[in-house]
Every structure is written in C-alpha cells, then in structure tokens.
Amino acid sequence: MSDKFFFMGRKTPKPKHESYGFNTKRTQKSGTSQNPLNLTVVSDERKLEVEAILEQHGLLANIEVNADGVEDIIELDGILNKPVTARIEKTPNRNEPCPCGSAKKYKKCCG
C-alpha cells in the first residue's frame, strides 16, 4: 500500500541528498593561506620576480630555490592564465542592410 493514502506520516523517512545543506566536500581555493601554491625556482632573482607577481595578484605561495632542478611554476600559470570564452561577431542575415555602408542588401553586396 502507498504511504500517502492511509498514514499521516511516512513509514520510511525521506532520504537526504548530497545537495542538501552546506557543501562540506568543496576544495579550498589555491593560493590562499589554507592552500598555498608550491613553486620551485632556479635563482634568487627569479624568486623575487615571482614574489612580486604573487603580491600583485594577492596570492600566497611556498617558494623553494633549487639551482640544480627545473623551474616549476605551473600552478601559478594556471591561476593567472584562465581560459577566456571566445566571442564571435554576429554576421548579418541575408536580407539585412550590408554593414559596409552600401545601400544594398547583404546577400547582393558582401554575402
């Protein structure tokens, strides 16, 4: 039998879904005090350059100087070079006036 016709309440409690309430599984944003970036540079001069970039963008990082290793600032590049949505200009329809300035329709001029 169904719950809705014969009982005031439910026989079984309604399940709570993951979307219910505050999301506790969210990851921390990179570059903050809770989750600083881990960067490796090859010289002290490069360390000063990277620190200036971090200060300019308001980020925090642990910078290690390793003259024998390879420079690793991929995490910083990923934050600074976020992808941008490509925007395309709308082309006029066939029967609209041509954007070049002639008094013709687009299909007879530039189309």
# chains A, B, ... in the order shown; residues from 1 in each chain; ligands from 1

$ residues_around --residues "A:Thr40" --least-positions-apart "2" --cutoff "9 Å" --atoms "only C-alpha atoms" --output "CSV table (one decimal) with N, CA, C and O atoms, in the first residue's frame"
chain,number,residue,atom,x,y,z
A,38,ASN,N,52.7,25.7,-4.3
A,38,ASN,CA,54.1,25.2,-4.1
A,38,ASN,C,54.8,25.4,-5.4
A,38,ASN,O,54.6,24.8,-6.4
A,42,VAL,N,64.8,28.6,-9.9
A,42,VAL,CA,66.2,28.2,-10.0
A,42,VAL,C,67.2,29.3,-9.4
A,42,VAL,O,68.3,28.9,-9.2
A,47,LYS,N,63.1,34.3,-7.8
A,47,LYS,CA,62.2,34.2,-6.7
A,47,LYS,C,61.6,35.6,-6.4
A,47,LYS,O,60.4,35.7,-6.1
A,62,ASN,N,54.5,28.9,-1.3
A,62,ASN,CA,55.7,28.5,-0.7
A,62,ASN,C,56.7,28.3,-1.9
A,62,ASN,O,56.6,27.5,-2.7
A,63,ILE,N,57.8,29.2,-1.9
A,63,ILE,CA,58.7,29.2,-3.0
A,63,ILE,C,60.0,28.6,-2.5
A,63,ILE,O,60.6,29.0,-1.5
A,64,GLU,N,60.5,27.6,-3.3
A,64,GLU,CA,61.7,26.9,-3.0
A,64,GLU,C,62.7,27.2,-4.1
A,64,GLU,O,62.4,27.2,-5.3
A,65,VAL,N,64.0,27.6,-3.7
A,65,VAL,CA,65.0,27.8,-4.6
A,65,VAL,C,65.9,26.6,-4.8
A,65,VAL,O,66.4,26.1,-3.8
A,66,ASN,N,65.9,26.0,-6.0
A,66,ASN,CA,66.7,24.8,-6.3
A,66,ASN,C,67.5,25.1,-7.6
A,66,ASN,O,67.0,25.0,-8.7
A,69,GLY,N,67.7,22.0,-10.0
A,69,GLY,CA,66.4,21.5,-10.6
A,69,GLY,C,65.9,22.3,-11.7
A,69,GLY,O,66.5,23.2,-12.2
A,70,VAL,N,64.7,22.0,-12.1
A,70,VAL,CA,63.9,22.7,-13.1
A,70,VAL,C,62.9,23.6,-12.5
A,70,VAL,O,62.3,23.3,-11.5
A,71,GLU,N,62.7,24.8,-13.1
A,71,GLU,CA,61.7,25.7,-12.6
A,71,GLU,C,60.3,25.1,-12.8
A,71,GLU,O,59.9,24.6,-13.9
A,72,ASP,N,59.5,25.2,-11.7
A,72,ASP,CA,58.1,24.6,-11.7
A,72,ASP,C,57.2,25.7,-11.2
A,72,ASP,O,57.0,25.8,-9.9
A,73,ILE,N,56.6,26.4,-12.0
A,73,ILE,CA,55.6,27.4,-11.6
A,73,ILE,C,54.2,27.2,-12.4
A,73,ILE,O,53.5,28.1,-12.7

$ atom_distance --atom1 "atom CA of A:Leu54" --atom2 "atom CA of A:Gly31"
8.8 Å

$ residues_around --residues "A:Leu60" --least-positions-apart "2" --cutoff "7 Å" --atoms "only C-alpha atoms" --output "list of chain:residue names"
A:Gly31, A:Thr32, A:Ser33, A:Pro36, A:Leu37, A:Leu54, A:Gly58
